[in-house]
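Here's the structure we're looking at; comments come further down.
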Amino acid sequence: MFKVDLSNKVVAITGAGGIICSEFAKILAENGAKVALLDINYDSAKNYADQIGENALAVKCNCLDKQSIIDAKKEINDKFGAVNFLINGAGGNNPKATCDNETMTPDLEGVKDFFALDESGLKFVFDLNITSAFLVTQVFATDMIKTGGNIINVSSMNAYRPLTKIPAYSAAKAGISNFTQWLAVHFAPCNIRCNAIAPGFFVTNQNRGLLFNQDGTPTARTNKILTATPMKKFGEISDLLGTLLWLSDDTASGFVTGTVIPVDGGFSAYSGV
């Protein structure tokens, strides 16, 4: 992995108790940044922060509670100073907003179809992805207005083409991509760059049950994903890190803002024929 100089960066990362964003924290710290790992699951964030060492701080934060975000920012400011780099990684799906079938099959008994989806699940997914990014950016970007900064959002393949079964998550991630572009325009006069990374298919704690059976064999969904991925494999977390470092370095990507970059093995480019 190549190196960049991030010794002048103070990074706040939400969702940092998870697999992807904890790795983001590690690689940024290895390149000199001071990193704050924010998560509602403090123990998980603390575990990863302890692995990183003195340049890492675990902060318990509910990204849907503005006061909790404000408190988290104060803790980071007291420890590391002003935040000039934000990664909005908090997000996810919810079973209440997930269909059983890919397409509608009328009169099929016992199937949770579109009409059976719970409104609370829809609202939860939108809040977890969209509202959290809005509130966190609203709080932390105040540190960047006069000095400049960098915001990276975590989008998804769902933003390019909605995946079956998960309408709320697909729509929410499309919203994240759009919000990224809006922020890029809005903050351009303040020298704040805003971009997003859109991962393809990676195996995480959240989706493992959808991709593999209990005996470890691939599910039918996994077979469809790999068929539609020209590189015929799932991504490794390390595949995201080069893109992250490039976007993190103001010299390498200083004129890059408003982009959503797929890291997907060609999934978004493949038409199926």
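Starting from 1 in every chain, residues are counted up; chains themselves are A, B, ... following the order of the structure tokens, and ligands are numbered from 1 as listed.
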Could you give me, as a PyMOL selection string, the residues within 10 Å of Val59 of chain A, counting only C-alpha atoms and dropping anything in the same chain fewer than 5 positions from it? chain A and resi 12-14+16+36-43+45-46+49+69+71-73+75-76
N, CA, C and O atoms of the current selection, written as a compact mmCIF listing (two decimals), in the first residue's frame:
# COMPACT_ATOMS: atom_id res chain seq x y z
N ALA A 12 -12.63 12.40 12.05
CA ALA A 12 -13.76 11.81 12.78
C ALA A 12 -14.42 10.80 11.85
O ALA A 12 -14.77 11.14 10.72
N ILE A 13 -14.59 9.56 12.32
CA ILE A 13 -15.13 8.49 11.49
C ILE A 13 -16.33 7.89 12.21
O ILE A 13 -16.19 7.32 13.30
N THR A 14 -17.52 8.00 11.63
CA THR A 14 -18.69 7.39 12.23
C THR A 14 -18.83 5.95 11.72
O THR A 14 -18.34 5.60 10.65
N ALA A 16 -17.34 3.54 13.09
CA ALA A 16 -15.97 3.03 13.16
C ALA A 16 -15.84 1.77 14.00
O ALA A 16 -14.75 1.21 14.10
N ALA A 36 -10.49 9.69 15.32
CA ALA A 36 -11.51 9.48 16.35
C ALA A 36 -12.52 8.48 15.80
O ALA A 36 -13.11 8.71 14.74
N LEU A 37 -12.69 7.38 16.51
CA LEU A 37 -13.59 6.32 16.08
C LEU A 37 -14.92 6.47 16.81
O LEU A 37 -15.01 6.22 18.02
N LEU A 38 -15.94 6.91 16.09
CA LEU A 38 -17.25 7.16 16.68
C LEU A 38 -18.19 5.99 16.38
O LEU A 38 -18.28 5.54 15.23
N ASP A 39 -18.87 5.52 17.41
CA ASP A 39 -19.84 4.45 17.21
C ASP A 39 -20.75 4.41 18.42
O ASP A 39 -20.34 4.74 19.54
N ILE A 40 -21.99 3.99 18.19
CA ILE A 40 -22.91 3.82 19.31
C ILE A 40 -22.48 2.63 20.16
O ILE A 40 -22.78 2.54 21.35
N ASN A 41 -21.75 1.70 19.52
CA ASN A 41 -21.16 0.56 20.23
C ASN A 41 -19.75 0.95 20.67
O ASN A 41 -18.78 0.72 19.95
N TYR A 42 -19.66 1.53 21.85
CA TYR A 42 -18.38 2.06 22.32
C TYR A 42 -17.33 0.96 22.46
O TYR A 42 -16.17 1.15 22.13
N ASP A 43 -17.74 -0.20 22.96
CA ASP A 43 -16.77 -1.28 23.20
C ASP A 43 -16.07 -1.70 21.92
O ASP A 43 -14.86 -1.95 21.91
N ALA A 45 -15.68 0.21 19.16
CA ALA A 45 -14.81 1.31 18.76
C ALA A 45 -13.55 1.34 19.62
O ALA A 45 -12.44 1.58 19.12
N LYS A 46 -13.70 1.10 20.93
CA LYS A 46 -12.56 1.11 21.85
C LYS A 46 -11.58 -0.01 21.51
O LYS A 46 -10.35 0.19 21.57
N ALA A 49 -9.66 1.21 18.53
CA ALA A 49 -8.81 2.33 18.90
C ALA A 49 -7.58 1.85 19.68
O ALA A 49 -6.47 2.34 19.48
N ILE A 69 -23.75 14.04 19.16
CA ILE A 69 -22.73 14.38 18.17
C ILE A 69 -21.93 15.61 18.62
O ILE A 69 -20.71 15.65 18.50
N ASP A 71 -21.44 16.54 21.70
CA ASP A 71 -20.59 16.09 22.80
C ASP A 71 -19.37 15.34 22.28
O ASP A 71 -18.25 15.49 22.80
N ALA A 72 -19.58 14.53 21.25
CA ALA A 72 -18.48 13.78 20.66
C ALA A 72 -17.45 14.74 20.04
O ALA A 72 -16.23 14.55 20.19
N LYS A 73 -17.93 15.75 19.35
CA LYS A 73 -17.03 16.73 18.74
C LYS A 73 -16.20 17.44 19.81
O LYS A 73 -14.99 17.64 19.63
N GLU A 75 -15.30 16.30 22.69
CA GLU A 75 -14.30 15.36 23.20
C GLU A 75 -13.12 15.25 22.24
O GLU A 75 -11.96 15.21 22.67
N ILE A 76 -13.40 15.23 20.96
CA ILE A 76 -12.33 15.14 19.95
C ILE A 76 -11.53 16.44 19.91
O ILE A 76 -10.29 16.43 19.87
Those of segment 11-168 of chain A in DSSP helix (DSSP H, G or I), formatted as JSON, numbers by chain: {"A": [19, 20, 21, 22, 23, 24, 25, 26, 27, 28, 29, 30, 42, 43, 44, 45, 46, 47, 48, 49, 50, 51, 52, 66, 67, 68, 69, 70, 71, 72, 73, 74, 75, 76, 77, 78, 79, 80, 95, 96, 97, 114, 115, 116, 119, 120, 121, 122, 123, 124, 125, 126, 127, 128, 129, 130, 131, 132, 133, 134, 135, 136, 137, 138, 139, 140, 141, 142, 143, 157, 158, 159, 167, 168]}
With 12 Å as the cut-off and only C-alpha atoms counted, what is the closest atom pair between each nearby residue of segment 89-196 of chain A and segment 207-221 of chain A? Distances in Å to one decimal, ordered by chain and number, as JSON lines.
{"residue": "A:Gly92", "atom": "CA", "partner": "A:Asn207", "partner_atom": "CA", "distance": 9.7}
{"residue": "A:Asn93", "atom": "CA", "partner": "A:Asn207", "partner_atom": "CA", "distance": 9.3}
{"residue": "A:Asn94", "atom": "CA", "partner": "A:Asn207", "partner_atom": "CA", "distance": 10.9}
{"residue": "A:Pro95", "atom": "CA", "partner": "A:Asn207", "partner_atom": "CA", "distance": 11.3}
{"residue": "A:Thr98", "atom": "CA", "partner": "A:Leu210", "partner_atom": "CA", "distance": 11.4}
{"residue": "A:Asp100", "atom": "CA", "partner": "A:Leu210", "partner_atom": "CA", "distance": 11.2}
{"residue": "A:Asn101", "atom": "CA", "partner": "A:Arg221", "partner_atom": "CA", "distance": 11.3}
{"residue": "A:Glu102", "atom": "CA", "partner": "A:Arg221", "partner_atom": "CA", "distance": 10.1}
{"residue": "A:Leu163", "atom": "CA", "partner": "A:Arg221", "partner_atom": "CA", "distance": 10.7}
{"residue": "A:Thr164", "atom": "CA", "partner": "A:Arg221", "partner_atom": "CA", "distance": 10.0}
{"residue": "A:Lys165", "atom": "CA", "partner": "A:Arg221", "partner_atom": "CA", "distance": 10.8}
{"residue": "A:Ile166", "atom": "CA", "partner": "A:Leu210", "partner_atom": "CA", "distance": 11.7}
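Coordinates place atom CA of Asp5 of chain A at a distance of 6.3 Å from atom CA of Gly32 of chain A.
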Please extract the residues of segment 10-215 of chain A with a backbone DSSP assignment of strand (DSSP E) and present them as a PyMOL selection string. chain A and resi 10-14+34-39+56-60+85-88+149-154+192-199
Residues of the last selection are to be written out with N, CA, C and O atoms, as a compact mmCIF listing (two decimals), in the first residue's frame.
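Here's the written file again.txt:
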# COMPACT_ATOMS: atom_id res chain seq x y z
N VAL A 10 -6.99 15.63 11.37
CA VAL A 10 -7.75 15.12 12.51
C VAL A 10 -9.05 14.59 11.94
O VAL A 10 -9.85 15.35 11.39
N VAL A 11 -9.25 13.28 12.05
CA VAL A 11 -10.33 12.60 11.34
C VAL A 11 -11.38 12.10 12.32
O VAL A 11 -11.05 11.42 13.31
N ALA A 12 -12.63 12.40 12.05
CA ALA A 12 -13.76 11.81 12.78
C ALA A 12 -14.42 10.80 11.85
O ALA A 12 -14.77 11.14 10.72
N ILE A 13 -14.59 9.56 12.32
CA ILE A 13 -15.13 8.49 11.49
C ILE A 13 -16.33 7.89 12.21
O ILE A 13 -16.19 7.32 13.30
N THR A 14 -17.52 8.00 11.63
CA THR A 14 -18.69 7.39 12.23
C THR A 14 -18.83 5.95 11.72
O THR A 14 -18.34 5.60 10.65
N LYS A 34 -4.53 11.70 13.09
CA LYS A 34 -5.15 11.43 14.39
C LYS A 34 -6.60 11.06 14.10
O LYS A 34 -7.30 11.80 13.41
N VAL A 35 -7.05 9.94 14.63
CA VAL A 35 -8.36 9.42 14.25
C VAL A 35 -9.25 9.24 15.47
O VAL A 35 -8.83 8.73 16.51
N ALA A 36 -10.49 9.69 15.32
CA ALA A 36 -11.51 9.48 16.35
C ALA A 36 -12.52 8.48 15.80
O ALA A 36 -13.11 8.71 14.74
N LEU A 37 -12.69 7.38 16.51
CA LEU A 37 -13.59 6.32 16.08
C LEU A 37 -14.92 6.47 16.81
O LEU A 37 -15.01 6.22 18.02
N LEU A 38 -15.94 6.91 16.09
CA LEU A 38 -17.25 7.16 16.68
C LEU A 38 -18.19 5.99 16.38
O LEU A 38 -18.28 5.54 15.23
N ASP A 39 -18.87 5.52 17.41
CA ASP A 39 -19.84 4.45 17.21
C ASP A 39 -20.75 4.41 18.42
O ASP A 39 -20.34 4.74 19.54
N ALA A 56 -5.32 7.41 18.34
CA ALA A 56 -6.73 7.03 18.15
C ALA A 56 -7.52 7.29 19.42
O ALA A 56 -7.01 7.15 20.53
N LEU A 57 -8.77 7.68 19.24
CA LEU A 57 -9.67 7.94 20.35
C LEU A 57 -11.03 7.32 20.04
O LEU A 57 -11.61 7.59 18.99
N ALA A 58 -11.51 6.50 20.95
CA ALA A 58 -12.85 5.92 20.80
C ALA A 58 -13.86 6.86 21.47
O ALA A 58 -13.64 7.33 22.59
N VAL A 59 -14.96 7.12 20.76
CA VAL A 59 -15.97 8.03 21.28
C VAL A 59 -17.36 7.40 21.10
O VAL A 59 -17.72 7.04 19.96
N LYS A 60 -18.09 7.27 22.16
CA LYS A 60 -19.46 6.78 22.05
C LYS A 60 -20.32 7.89 21.46
O LYS A 60 -20.32 9.02 21.95
N PHE A 85 -11.33 16.57 8.77
CA PHE A 85 -11.57 15.42 7.90
C PHE A 85 -12.68 14.58 8.54
O PHE A 85 -12.56 14.16 9.69
N LEU A 86 -13.75 14.36 7.80
CA LEU A 86 -14.90 13.61 8.30
C LEU A 86 -15.23 12.47 7.35
O LEU A 86 -15.29 12.66 6.14
N ILE A 87 -15.45 11.29 7.92
CA ILE A 87 -15.95 10.15 7.14
C ILE A 87 -17.29 9.73 7.72
O ILE A 87 -17.38 9.31 8.88
N ASN A 88 -18.33 9.86 6.92
CA ASN A 88 -19.67 9.42 7.32
C ASN A 88 -19.84 7.96 6.93
O ASN A 88 -20.23 7.64 5.80
N GLY A 149 -11.40 21.59 4.49
CA GLY A 149 -11.53 20.24 5.03
C GLY A 149 -11.89 19.24 3.96
O GLY A 149 -11.92 19.53 2.76
N ASN A 150 -12.18 18.04 4.42
CA ASN A 150 -12.43 16.91 3.54
C ASN A 150 -13.54 16.06 4.14
O ASN A 150 -13.47 15.70 5.32
N ILE A 151 -14.57 15.78 3.35
CA ILE A 151 -15.67 14.92 3.79
C ILE A 151 -15.79 13.77 2.81
O ILE A 151 -15.87 13.99 1.60
N ILE A 152 -15.78 12.56 3.34
CA ILE A 152 -15.99 11.37 2.51
C ILE A 152 -17.19 10.61 3.06
O ILE A 152 -17.22 10.26 4.24
N ASN A 153 -18.17 10.39 2.22
CA ASN A 153 -19.34 9.60 2.59
C ASN A 153 -19.20 8.18 2.04
O ASN A 153 -18.52 7.96 1.04
N VAL A 154 -19.84 7.25 2.70
CA VAL A 154 -19.85 5.87 2.23
C VAL A 154 -21.19 5.60 1.55
O VAL A 154 -22.23 5.56 2.20
N ILE A 192 -13.81 23.01 1.15
CA ILE A 192 -14.14 21.71 1.74
C ILE A 192 -14.53 20.78 0.59
O ILE A 192 -15.50 21.04 -0.12
N ARG A 193 -13.74 19.75 0.39
CA ARG A 193 -14.04 18.78 -0.66
C ARG A 193 -14.98 17.70 -0.12
O ARG A 193 -14.84 17.27 1.03
N CYS A 194 -15.92 17.26 -0.94
CA CYS A 194 -16.89 16.24 -0.53
C CYS A 194 -17.01 15.18 -1.63
O CYS A 194 -17.37 15.51 -2.76
N ASN A 195 -16.68 13.96 -1.27
CA ASN A 195 -16.75 12.85 -2.21
C ASN A 195 -17.33 11.62 -1.51
O ASN A 195 -17.52 11.63 -0.29
N ALA A 196 -17.61 10.60 -2.28
CA ALA A 196 -18.12 9.36 -1.70
C ALA A 196 -17.41 8.16 -2.33
O ALA A 196 -17.01 8.19 -3.50
N ILE A 197 -17.29 7.13 -1.54
CA ILE A 197 -16.82 5.83 -2.02
C ILE A 197 -18.03 4.91 -2.05
O ILE A 197 -18.78 4.83 -1.07
N ALA A 198 -18.22 4.21 -3.17
CA ALA A 198 -19.35 3.29 -3.32
C ALA A 198 -18.81 1.86 -3.42
O ALA A 198 -18.46 1.40 -4.51
N PRO A 199 -18.73 1.16 -2.30
CA PRO A 199 -18.23 -0.22 -2.36
C PRO A 199 -19.18 -1.12 -3.14
O PRO A 199 -20.41 -0.95 -3.10
List the spatial neighbours of Thr229 of chain A as a list in words - criterion: any atom at most 9 Å away, only C-alpha atoms, same-chain residues fewer than 6 positions off excluded.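 Near neighbours after the sequence-gap exclusion: Gly200, Phe201, Asp264, Gly265, Gly266, Phe267, Ser268, Ala269 and Tyr270 of chain A.
Between atom CA of Lys74 of chain A and atom CA of Val4 of chain A the interatomic distance comes to 27.5 Å.
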Please provide the set of residues having any atom within 8 Å of Gly91 of chain A, restricted to only C-alpha atoms, with same-chain residues fewer than 5 positions apart removed, written as a list in words.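 Near neighbours after the sequence-gap exclusion: Gly15, Val125, Leu128, Asn129 and Ser132 of chain A.
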